[in-house]
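Colleague: What follows is the file input_32.txt, containing compact mmCIF, C-alpha atoms:
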```txt
# COMPACT_ATOMS: atom_id res chain seq x y z
CA MET V 1 21.17 9.73 0.47
CA GLY V 2 18.05 8.65 2.40
CA ILE V 3 16.28 11.87 1.42
CA ILE V 4 17.24 11.47 -2.25
CA LEU V 5 16.18 7.83 -2.43
CA ALA V 6 12.93 8.49 -0.53
CA ILE V 7 12.06 11.35 -2.89
CA ILE V 8 12.77 9.18 -5.95
CA ILE V 9 10.67 6.27 -4.65
CA PHE V 10 7.76 8.31 -3.33
CA SER V 11 7.71 10.65 -6.35
CA PHE V 12 7.56 7.76 -8.80
CA ILE V 13 4.74 6.12 -6.84
CA VAL V 14 2.71 9.36 -6.77
CA PHE V 15 3.52 9.99 -10.44
CA PHE V 16 2.23 6.53 -11.36
CA HIS V 17 -0.94 7.23 -9.34
CA GLU V 18 -1.54 10.44 -11.30
CA LEU V 19 -0.69 8.62 -14.55
CA GLY V 20 -3.64 6.33 -13.85
CA HIS V 21 -5.99 9.32 -13.59
CA PHE V 22 -4.45 10.83 -16.76
CA LEU V 23 -4.67 7.74 -18.97
CA LEU V 24 -8.27 6.97 -18.02
CA ALA V 25 -9.23 10.62 -18.52
CA LYS V 26 -7.75 10.55 -22.02
CA LYS V 27 -9.41 7.22 -22.77
CA ASN V 28 -12.79 8.69 -21.80
CA GLY V 29 -12.22 11.82 -23.87
CA ILE V 30 -11.97 14.13 -20.86
CA ASP V 31 -10.14 17.44 -21.15
CA VAL V 32 -6.89 17.43 -19.14
CA ASP V 33 -5.65 20.96 -18.51
CA GLU V 34 -2.23 19.93 -17.23
CA PHE V 35 -0.25 16.81 -16.45
CA ALA V 36 2.78 17.66 -14.34
CA ILE V 37 5.78 15.84 -12.89
CA GLY V 38 6.76 17.49 -9.63
CA MET V 39 5.20 20.41 -7.77
CA GLY V 40 5.81 24.15 -7.42
CA PRO V 41 7.05 26.61 -10.09
CA THR V 42 7.32 25.33 -13.65
CA LEU V 43 10.77 24.47 -15.00
CA TYR V 44 9.58 23.35 -18.43
CA SER V 45 6.22 22.98 -20.11
CA ARG V 46 4.83 22.20 -23.52
CA GLU V 47 1.27 22.10 -24.79
CA TYR V 48 0.13 19.20 -26.94
CA LYS V 49 -3.44 18.57 -28.09
CA GLY V 50 -4.97 20.80 -25.46
CA THR V 51 -2.94 19.47 -22.51
CA ARG V 52 0.02 21.23 -20.94
CA TYR V 53 2.79 18.78 -20.00
CA ALA V 54 5.06 20.26 -17.36
CA VAL V 55 8.08 19.53 -15.21
CA ARG V 56 8.01 21.46 -11.94
CA ILE V 57 10.82 22.42 -9.62
CA PHE V 58 10.10 20.22 -6.60
CA PRO V 59 10.49 16.50 -7.50
CA ILE V 60 7.63 15.38 -5.27
CA GLY V 61 4.97 13.42 -7.14
CA GLY V 62 2.88 15.26 -9.69
CA PHE V 63 -0.73 15.98 -10.60
CA CYS V 64 -3.37 15.62 -13.30
CA ALA V 65 -5.61 18.72 -13.55
CA MET V 66 -8.93 17.91 -15.20
CA GLY V 67 -11.09 20.71 -13.82
CA GLU V 68 -13.14 18.16 -11.89
CA ASP V 69 -13.75 20.62 -9.06
CA GLU V 70 -15.25 23.17 -11.42
CA GLU V 71 -18.82 23.59 -12.58
CA ALA V 72 -19.61 21.87 -15.86
CA THR V 73 -18.76 24.12 -18.79
CA ALA V 74 -20.17 24.17 -22.27
CA SER V 75 -17.44 21.77 -23.38
CA PRO V 76 -18.80 18.23 -23.76
CA ASN V 77 -15.35 16.96 -22.74
CA ASN V 78 -15.37 18.62 -19.32
CA PHE V 79 -14.97 16.06 -16.51
CA ASN V 80 -18.34 16.93 -15.02
CA ASN V 81 -20.16 16.47 -18.34
CA LYS V 82 -19.07 12.86 -18.71
CA SER V 83 -21.12 9.88 -17.54
CA VAL V 84 -20.91 8.95 -13.88
CA TRP V 85 -19.25 5.62 -14.74
CA ALA V 86 -16.59 7.37 -16.84
CA ARG V 87 -15.84 9.66 -13.88
CA ILE V 88 -15.75 6.69 -11.49
CA SER V 89 -13.21 4.93 -13.73
CA VAL V 90 -10.98 8.02 -13.82
CA ILE V 91 -11.01 8.55 -10.04
CA ALA V 92 -10.53 4.84 -9.27
CA ALA V 93 -7.65 4.57 -11.76
CA GLY V 94 -5.17 6.29 -9.42
CA PRO V 95 -5.37 3.74 -6.58
CA VAL V 96 -5.68 0.87 -9.08
CA PHE V 97 -2.44 1.98 -10.75
CA ASN V 98 -0.76 1.94 -7.34
CA PHE V 99 -1.75 -1.72 -6.96
CA ILE V 100 -0.51 -2.41 -10.49
CA LEU V 101 2.83 -0.76 -9.72
CA ALA V 102 3.14 -2.70 -6.47
CA PHE V 103 2.44 -5.91 -8.41
CA ILE V 104 5.07 -5.11 -11.07
CA PHE V 105 7.67 -4.38 -8.37
CA ALA V 106 6.66 -7.53 -6.47
CA VAL V 107 7.06 -9.74 -9.55
CA ILE V 108 10.52 -8.24 -10.19
CA LEU V 109 11.51 -8.71 -6.54
CA THR V 110 10.24 -12.30 -6.45
CA ALA V 111 12.16 -13.08 -9.65
CA MET V 112 15.29 -11.64 -8.02
CA VAL V 113 15.16 -13.27 -4.58
CA GLY V 114 12.55 -16.04 -4.79
CA TYR V 115 9.44 -16.70 -2.71
CA ASP V 116 8.78 -17.77 0.86
CA ARG V 117 6.47 -20.79 0.98
CA PRO V 118 4.49 -21.12 4.23
CA VAL V 119 6.35 -24.32 5.08
CA ALA V 120 7.99 -24.98 8.45
CA ALA V 121 11.72 -25.59 8.06
CA SER V 122 11.82 -26.52 11.74
CA VAL V 123 9.52 -26.53 14.73
CA GLU V 124 11.25 -25.61 17.98
CA GLU V 125 10.93 -28.14 20.79
CA GLY V 126 9.17 -26.91 23.90
CA LEU V 127 7.23 -24.20 22.09
CA PRO V 128 3.47 -24.25 21.30
CA ALA V 129 3.64 -25.38 17.65
CA ALA V 130 5.67 -28.49 18.51
CA GLU V 131 3.44 -29.26 21.49
CA ALA V 132 0.41 -29.07 19.18
CA GLY V 133 1.96 -31.68 16.88
CA LEU V 134 3.37 -29.60 14.03
CA MET V 135 6.54 -30.89 12.40
CA ALA V 136 9.21 -29.70 9.97
CA GLY V 137 7.87 -29.86 6.41
CA ASP V 138 4.27 -29.07 7.37
CA ARG V 139 2.62 -26.45 5.18
CA ILE V 140 0.51 -23.88 7.03
CA GLU V 141 -2.79 -23.43 5.16
CA LYS V 142 -4.83 -21.24 7.51
CA MET V 143 -4.50 -19.30 10.74
CA GLY V 144 -7.89 -18.51 12.22
CA ASN V 145 -10.00 -17.47 9.23
CA LYS V 146 -7.03 -16.21 7.23
CA LYS V 147 -5.71 -18.15 4.26
CA ILE V 148 -1.91 -18.38 4.40
CA ARG V 149 0.02 -18.23 1.12
CA ILE V 150 3.47 -16.92 2.14
CA PHE V 151 5.48 -17.35 5.32
CA ARG V 152 5.42 -13.64 6.11
CA GLU V 153 1.68 -13.95 6.73
CA ILE V 154 2.40 -16.37 9.58
CA THR V 155 4.76 -13.87 11.18
CA ILE V 156 2.46 -10.86 10.77
CA TYR V 157 -0.58 -12.79 12.00
CA ASN V 158 1.28 -13.62 15.20
CA GLN V 159 2.36 -9.98 15.57
CA PHE V 160 -1.20 -8.70 15.18
CA HIS V 161 -2.64 -11.33 17.54
CA GLN V 162 -0.05 -11.42 20.30
CA GLY V 163 -1.03 -13.79 23.12
CA GLU V 164 -4.23 -14.96 21.40
CA ASP V 165 -5.01 -18.64 20.87
CA VAL V 166 -5.04 -19.45 17.16
CA GLU V 167 -6.55 -22.33 15.20
CA ILE V 168 -3.93 -23.51 12.68
CA THR V 169 -4.76 -25.69 9.68
CA TYR V 170 -1.76 -27.41 8.13
CA SER V 171 -1.17 -30.07 5.49
CA ARG V 172 1.13 -33.09 5.69
CA ASP V 173 1.43 -35.88 3.12
CA GLY V 174 -1.67 -34.67 1.29
CA LYS V 175 -3.88 -34.56 4.39
CA GLU V 176 -5.08 -31.55 6.37
CA TYR V 177 -5.07 -31.25 10.15
CA THR V 178 -6.38 -28.54 12.46
CA VAL V 179 -4.98 -27.78 15.91
CA MET V 180 -5.40 -25.05 18.50
CA VAL V 181 -2.15 -23.32 19.44
CA SER V 182 -1.54 -20.95 22.38
CA PRO V 183 1.50 -18.69 21.75
CA LYS V 184 4.08 -18.62 24.53
CA MET V 185 5.76 -15.49 25.88
CA ASP V 186 9.51 -15.38 25.31
CA GLU V 187 10.70 -13.32 28.26
CA GLU V 188 14.08 -12.67 26.68
CA LEU V 189 12.68 -11.36 23.39
CA GLY V 190 9.57 -9.79 24.93
CA TYR V 191 6.87 -11.20 22.64
CA TYR V 192 4.72 -14.29 22.15
CA ARG V 193 6.10 -17.04 19.92
CA LEU V 194 4.71 -20.05 18.08
CA GLY V 195 8.04 -21.75 17.40
CA ILE V 196 7.83 -22.13 13.61
CA SER V 197 10.80 -21.11 11.45
CA SER V 198 10.88 -20.37 7.72
CA GLU V 199 12.71 -22.49 5.17
CA GLY V 200 13.90 -19.29 3.47
CA TYR V 201 13.35 -18.30 -0.14
CA GLU V 202 12.98 -20.67 -3.07
CA LYS V 203 14.05 -19.67 -6.57
CA ALA V 204 11.12 -18.58 -8.75
CA ASN V 205 10.45 -19.14 -12.44
CA ILE V 206 8.33 -16.57 -14.27
CA LEU V 207 5.01 -18.21 -13.36
CA LYS V 208 5.95 -18.46 -9.68
CA ALA V 209 7.18 -14.85 -9.77
CA VAL V 210 3.78 -13.70 -11.02
CA GLN V 211 1.87 -15.93 -8.57
CA TYR V 212 3.87 -15.02 -5.49
CA GLY V 213 4.18 -11.40 -6.61
CA ALA V 214 0.39 -11.23 -6.36
CA TYR V 215 0.53 -12.92 -2.93
CA SER V 216 3.07 -10.31 -1.81
CA VAL V 217 0.80 -7.41 -2.83
CA ASN V 218 -2.11 -9.10 -1.08
CA TYR V 219 0.09 -9.40 2.02
CA TRP V 220 0.79 -5.67 2.10
CA VAL V 221 -2.84 -4.73 1.40
CA SER V 222 -4.04 -7.04 4.19
CA THR V 223 -1.36 -5.72 6.55
CA THR V 224 -2.41 -2.13 5.85
CA LEU V 225 -6.10 -2.91 6.42
CA GLU V 226 -5.36 -4.81 9.62
CA SER V 227 -3.20 -1.92 10.86
CA LEU V 228 -6.03 0.53 10.17
CA LYS V 229 -8.46 -1.74 12.00
CA MET V 230 -6.17 -1.82 15.03
CA LEU V 231 -5.82 1.98 14.85
CA VAL V 232 -9.60 2.46 14.81
CA THR V 233 -10.18 -0.02 17.65
CA GLY V 234 -7.46 1.58 19.77
CA LYS V 235 -5.09 -1.41 19.76
CA VAL V 236 -2.50 0.82 18.10
CA SER V 237 -1.90 4.44 19.09
CA ILE V 238 -2.13 7.27 16.57
CA ASN V 239 1.40 8.11 17.74
CA ASN V 240 2.58 5.07 15.77
CA LEU V 241 1.58 6.65 12.45
CA THR V 242 4.49 7.52 10.17
CA GLY V 243 4.62 10.26 7.54
CA PRO V 244 7.18 11.56 5.02
CA VAL V 245 9.86 12.30 7.64
CA GLY V 246 9.54 8.80 9.08
CA ILE V 247 9.66 7.26 5.60
CA VAL V 248 12.87 9.15 4.82
CA ASP V 249 14.35 7.86 8.08
CA VAL V 250 13.36 4.27 7.23
CA VAL V 251 14.83 4.56 3.72
CA GLU V 252 18.05 6.06 5.13
CA ASP V 253 18.41 3.30 7.74
CA THR V 254 17.67 0.63 5.14
CA TYR V 255 20.23 2.06 2.74
CA GLN V 256 22.93 2.36 5.39
CA GLU V 257 22.35 -1.20 6.64
CA SER V 258 22.25 -2.81 3.20
CA ARG V 259 24.90 -0.94 1.22
CA ASN V 260 27.75 -2.89 2.82
CA TYR V 261 26.29 -6.04 1.23
CA GLY V 262 26.39 -4.61 -2.29
CA GLY V 263 24.12 -2.96 -4.82
CA PHE V 264 21.93 -6.03 -5.28
CA VAL V 265 20.86 -6.01 -1.64
CA VAL V 266 20.22 -2.25 -1.73
CA VAL V 267 17.94 -2.66 -4.76
CA VAL V 268 16.11 -5.57 -3.11
CA GLU V 269 15.48 -3.65 0.11
CA LEU V 270 14.34 -0.49 -1.69
CA LEU V 271 12.03 -2.50 -3.94
CA ASN V 272 10.43 -4.02 -0.85
CA ILE V 273 9.84 -0.52 0.57
CA ALA V 274 8.41 0.64 -2.77
CA ILE V 275 5.95 -2.28 -2.85
CA MET V 276 4.81 -1.50 0.67
CA LEU V 277 4.41 2.23 -0.02
CA SER V 278 2.57 1.75 -3.32
CA ALA V 279 0.13 -0.81 -1.89
CA ASN V 280 -0.33 1.38 1.18
CA LEU V 281 -1.06 4.47 -0.92
CA GLY V 282 -3.58 2.51 -2.99
CA VAL V 283 -5.44 1.36 0.12
CA MET V 284 -5.36 4.76 1.82
CA ASN V 285 -6.67 6.55 -1.26
CA LEU V 286 -9.63 4.17 -1.49
CA LEU V 287 -10.76 4.90 2.06
CA PRO V 288 -14.22 6.56 1.94
CA LEU V 289 -12.94 9.78 3.49
CA PRO V 290 -13.46 13.33 2.20
CA ALA V 291 -10.66 14.75 0.01
CA LEU V 292 -9.37 11.27 -0.86
CA ASP V 293 -10.21 9.37 -4.05
CA GLY V 294 -12.37 7.04 -1.97
CA GLY V 295 -14.41 9.96 -0.64
CA ARG V 296 -15.00 11.25 -4.16
CA LEU V 297 -16.02 7.77 -5.27
CA VAL V 298 -18.65 7.72 -2.52
CA PHE V 299 -20.31 10.82 -4.02
CA LEU V 300 -20.10 9.34 -7.51
CA PHE V 301 -21.71 6.05 -6.43
CA VAL V 302 -24.46 8.02 -4.66
CA GLU V 303 -24.98 9.87 -7.93
CA ALA V 304 -25.12 6.58 -9.84
CA ILE V 305 -27.79 5.24 -7.47
CA ARG V 306 -29.84 8.48 -7.30
CA ARG V 307 -29.32 9.25 -11.00
CA LYS V 308 -28.78 12.80 -9.85
CA ARG V 309 -25.59 14.59 -8.92
CA VAL V 310 -25.01 15.74 -5.34
CA PRO V 311 -24.98 19.57 -5.41
CA PRO V 312 -21.35 20.55 -6.16
CA GLU V 313 -21.26 23.18 -3.42
CA LYS V 314 -22.27 20.63 -0.76
CA GLU V 315 -19.73 18.11 -2.00
CA GLY V 316 -17.13 20.90 -2.05
CA TYR V 317 -17.81 21.77 1.60
CA VAL V 318 -17.36 18.15 2.63
CA HIS V 319 -14.05 17.83 0.77
CA MET V 320 -12.86 21.18 2.14
CA ILE V 321 -13.45 19.99 5.69
CA GLY V 322 -11.73 16.72 4.80
CA ILE V 323 -8.68 18.54 3.44
CA ALA V 324 -8.46 20.64 6.61
CA LEU V 325 -8.62 17.54 8.83
CA LEU V 326 -6.13 15.71 6.60
CA MET V 327 -3.68 18.61 6.79
CA ALA V 328 -4.05 18.71 10.59
CA LEU V 329 -3.32 14.97 10.73
CA MET V 330 -0.28 15.39 8.48
CA VAL V 331 1.10 18.13 10.73
CA PHE V 332 0.56 15.91 13.80
CA VAL V 333 2.23 12.92 12.14
CA MET V 334 5.16 15.05 10.93
CA PHE V 335 5.65 16.42 14.44
CA ASN V 336 5.72 12.87 15.83
CA ASP V 337 8.17 11.78 13.13
CA ILE V 338 10.52 14.67 13.89
CA ARG V 339 10.31 13.93 17.62
CA ARG V 340 11.11 10.23 17.06
CA VAL V 341 13.93 10.84 14.61
CA PHE V 342 15.72 13.82 16.13
CA PHE V 343 14.93 13.67 19.86
```
Please, can you express the file's structure as structure tokens?
Modeller:
Amino acid sequence: MGIILAIIIFSFIVFFHELGHFLLAKKNGIDVDEFAIGMGPTLYSREYKGTRYAVRIFPIGGFCAMGEDEEATASPNNFNNKSVWARISVIAAGPVFNFILAFIFAVILTAMVGYDRPVAASVEEGLPAAEAGLMAGDRIEKMGNKKIRIFREITIYNQFHQGEDVEITYSRDGKEYTVMVSPKMDEELGYYRLGISSEGYEKANILKAVQYGAYSVNYWVSTTLESLKMLVTGKVSINNLTGPVGIVDVVEDTYQESRNYGGFVVVVELLNIAIMLSANLGVMNLLPLPALDGGRLVFLFVEAIRRKRVPPEKEGYVHMIGIALLMALMVFVMFNDIRRVFF
């Protein structure tokens, strides 16, 4: 069941990404050779207005073939014959659609379960927050330089800054206060704690669902960027990266743990995973790395500044090297996933 659910979730997220490329290509009058759901051999296809719409045998994502890697042809509607800003909008649309999908899912999830205000339900005696003067009912406004909008941001900030002193700004009775807090190691649990507990989730009306849905997407985007920063600086090992096998394992564990509580809980947990994956895919695709949408955008912005296209063969070499390195990384991550899951 974990494999089936993971395929459904990941395929829909990738499909929505490709749908972004497709819709912006059509809007800009760009020829789309094929728009496919799935990969591999074709199960069904039909041509309509110059585009072949296909369903392929392996239900893993999809693709939008616009001939963007080809030399410009005589057709004025070829991708490479369009203005640089039209091409930028098409390439950027994929990641943007991932953020849109994450937002839609987050609004639905917030409407279903409510939102977690960054308000302390209780402050545990003897722990740093209480010693610094925080009390139940205080609203956390900032931690360090980070604006806090949902309680999860308090938790993740502490996880990413274990053992570090943090300046906390909180509000009480309409006034703001700032204190310095030094997390304390909990020997039993094995990590540093502040001693602030959440008040849980509050029911959301439609406006709150939209507002806190946006905060939830921002939370996942920020978490992804902070994780990448820690990976680059060596605070997190590359061995901690997770790929498709690891995602399937997470989905399977989540399903098994939540199904005993009913279908509602299963849907809630899977929606949360879908939001995380969609936001994560949007961020990763915007990284300025060869072979990714972000790498292609770099070349397009260079073209916009120079008013002259980078020679296609040179750009092709860069992306080819990027694809090779990306494939090597995927193999490494998959090997680690298999080792963690099965051994």
Colleague: Which residue out of V:Ala111, V:Leu281, V:Met276, V:Ile305 has the minimum interatomic distance to Glu202 (chain V) when only C-alpha atoms are used?
Modeller: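 Distance minimum relative to Glu202 (chain V) lands on V:Ala111.
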Colleague: Which distance in Å separates CA of Gly40 (chain V) and CA of Phe58 (chain V), to one decimal?
Modeller: 5.9 Å
Colleague: Within 12 Å of Leu225 (chain V), counting only C-alpha atoms, which residues qualify if same-chain residues fewer than 5 places away don't, as a PDB file with C-alpha atoms, in the frame of the given file?
Modeller:
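Ended up saving to around03.pdb:
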```pdb
ATOM      1  CA  PHE V 160      -1.200  -8.700  15.180  1.00  0.00           C
ATOM      2  CA  ASN V 218      -2.110  -9.100  -1.080  1.00  0.00           C
ATOM      3  CA  TYR V 219       0.090  -9.400   2.020  1.00  0.00           C
ATOM      4  CA  TRP V 220       0.790  -5.670   2.100  1.00  0.00           C
ATOM      5  CA  MET V 230      -6.170  -1.820  15.030  1.00  0.00           C
ATOM      6  CA  LEU V 231      -5.820   1.980  14.850  1.00  0.00           C
ATOM      7  CA  VAL V 232      -9.600   2.460  14.810  1.00  0.00           C
ATOM      8  CA  ALA V 279       0.130  -0.810  -1.890  1.00  0.00           C
ATOM      9  CA  ASN V 280      -0.330   1.380   1.180  1.00  0.00           C
ATOM     10  CA  LEU V 281      -1.060   4.470  -0.920  1.00  0.00           C
ATOM     11  CA  GLY V 282      -3.580   2.510  -2.990  1.00  0.00           C
ATOM     12  CA  VAL V 283      -5.440   1.360   0.120  1.00  0.00           C
ATOM     13  CA  MET V 284      -5.360   4.760   1.820  1.00  0.00           C
ATOM     14  CA  LEU V 286      -9.630   4.170  -1.490  1.00  0.00           C
ATOM     15  CA  LEU V 287     -10.760   4.900   2.060  1.00  0.00           C
TER      16      LEU V 287
END
```
Colleague: Give me the residues near Thr178 (chain V) as a list in words, where near means some atom within 7 Å (using all atoms listed in the file) and where sequence neighbours in that chain fewer than 2 positions away do not count.
Modeller: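 Selected residues are Glu167, Ile168, Thr169, Tyr170 and Glu176 of chain V.
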Colleague: Counting only C-alpha atoms, which of V:Met66, V:Trp85, V:Glu34, V:Leu241 gets nearest to Ala54 (chain V)?
Modeller: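 Nearest to Ala54 (chain V): V:Glu34.
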Colleague: Looking at only C-alpha atoms, which of V:Thr110, V:Lys82, V:Gly61, V:Met334 is the one that sits closest to Leu271 (chain V)?
Modeller: V:Thr110
Colleague: Could you tell me which of V:Ser122, V:Thr42, V:Asn239, V:Gln211 comes closest to Ile104 (chain V) if we count all atoms listed in the file?
Modeller: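 Under the stated criterion, the closest residue is V:Gln211.
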Colleague: Give the answer as one residue: which of V:Leu277, V:Ala92, V:Ala132, V:Leu297 has the shortest atom-to-atom distance to Val251 (chain V), using all atoms listed in the file?
Modeller: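 Counting all atoms listed in the file, the residue closest to Val251 (chain V) is V:Leu277.
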Colleague: Could you list, as a PyMOL selection string, every residue within 7 Å of Gly213 (chain V), counting all atoms listed in the file and ignoring same-chain residues fewer than 6 positions away?
Modeller: chain V and resi 103+106-107+110
Colleague: Just the number, please: distance in Å from CA of Gly62 (chain V) to CA of Pro76 (chain V), one decimal.
Modeller: 26.0 Å
Colleague: Rounded to one decimal, what separation in Å do you get between CA of Arg117 (chain V) and CA of Phe151 (chain V)?
Modeller: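 Those two atoms sit 5.6 Å apart.
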Colleague: Considering only C-alpha atoms, give me a table of residues in region 180-253 of chain V that are at most 12 Å from region 135-142 of chain V, with the closest atom pair and distance in Å for each, as JSON lines.
Modeller:
```
{"residue": "V:Met180", "atom": "CA", "partner": "V:Lys142", "partner_atom": "CA", "distance": 11.6}
{"residue": "V:Gly195", "atom": "CA", "partner": "V:Met135", "partner_atom": "CA", "distance": 10.5}
{"residue": "V:Ile196", "atom": "CA", "partner": "V:Ala136", "partner_atom": "CA", "distance": 8.5}
{"residue": "V:Ser197", "atom": "CA", "partner": "V:Ala136", "partner_atom": "CA", "distance": 8.9}
{"residue": "V:Ser198", "atom": "CA", "partner": "V:Ala136", "partner_atom": "CA", "distance": 9.7}
{"residue": "V:Glu199", "atom": "CA", "partner": "V:Gly137", "partner_atom": "CA", "distance": 8.9}
```
Colleague: Please work out which residues fall within 12 Å of (9.0, -20.3, -13.4), coordinates as given in the file, with all atoms listed in the file counting, and return them as a list in words.
Modeller: Val107, Thr110, Ala111, Met112, Gly114, Tyr115, Glu202, Lys203, Ala204, Asn205, Ile206, Leu207, Lys208, Ala209, Val210, Gln211 and Tyr212 of chain V
Colleague: Which residue out of V:Asn158, V:Ser171, V:Thr233, V:Thr254 has the minimum interatomic distance to Pro183 (chain V) when all atoms listed in the file are used?
Modeller: V:Asn158
Colleague: Show me, as a compact mmCIF listing (two decimals) with C-alpha atoms, in the coordinates of the input, the residues that have an atom within 6 Å of Asp116 (chain V) when counting only C-alpha atoms, minus same-chain residues fewer than 3 positions from it.
Modeller:
```txt
# COMPACT_ATOMS: atom_id res chain seq x y z
CA ILE V 150 3.47 -16.92 2.14
CA PHE V 151 5.48 -17.35 5.32
CA GLY V 200 13.90 -19.29 3.47
CA TYR V 201 13.35 -18.30 -0.14
```
Colleague: Would you pick out the contacts of region 316-328 of chain V at 9 Å or less, using only C-alpha atoms, so that residues sharing its chain but fewer than 6 positions from it are not included, and give the list as a ChimeraX atom specification?
Modeller: /V:69,289-292,295-296
Colleague: Distance table requested - region 239-338 of chain V against region 5-19 of chain V, cut-off 10 Å, only C-alpha atoms: one row per qualifying residue with the closest atom pair and its distance in Å to one decimal, ordered by chain and rising residue number, as CSV.
Modeller:
```
residue,atom,partner,partner_atom,distance
V:Pro244,CA,V:Ala6,CA,8.6
V:Val245,CA,V:Ala6,CA,9.5
V:Ile247,CA,V:Ala6,CA,7.1
V:Val248,CA,V:Ala6,CA,5.4
V:Asp249,CA,V:Ala6,CA,8.7
V:Val250,CA,V:Ala6,CA,8.8
V:Val251,CA,V:Ala6,CA,6.1
V:Glu252,CA,V:Leu5,CA,8.0
V:Tyr255,CA,V:Leu5,CA,8.7
V:Leu270,CA,V:Ile9,CA,8.2
V:Leu271,CA,V:Ile9,CA,8.9
V:Ile273,CA,V:Ile9,CA,8.6
V:Ala274,CA,V:Ile9,CA,6.4
V:Ile275,CA,V:Ile13,CA,9.4
V:Leu277,CA,V:Phe10,CA,7.7
V:Ser278,CA,V:Ile13,CA,6.0
V:Ala279,CA,V:Ile13,CA,9.7
V:Leu281,CA,V:Ile13,CA,8.5
V:Gly282,CA,V:His17,CA,8.3
V:Asn285,CA,V:His17,CA,9.9
```
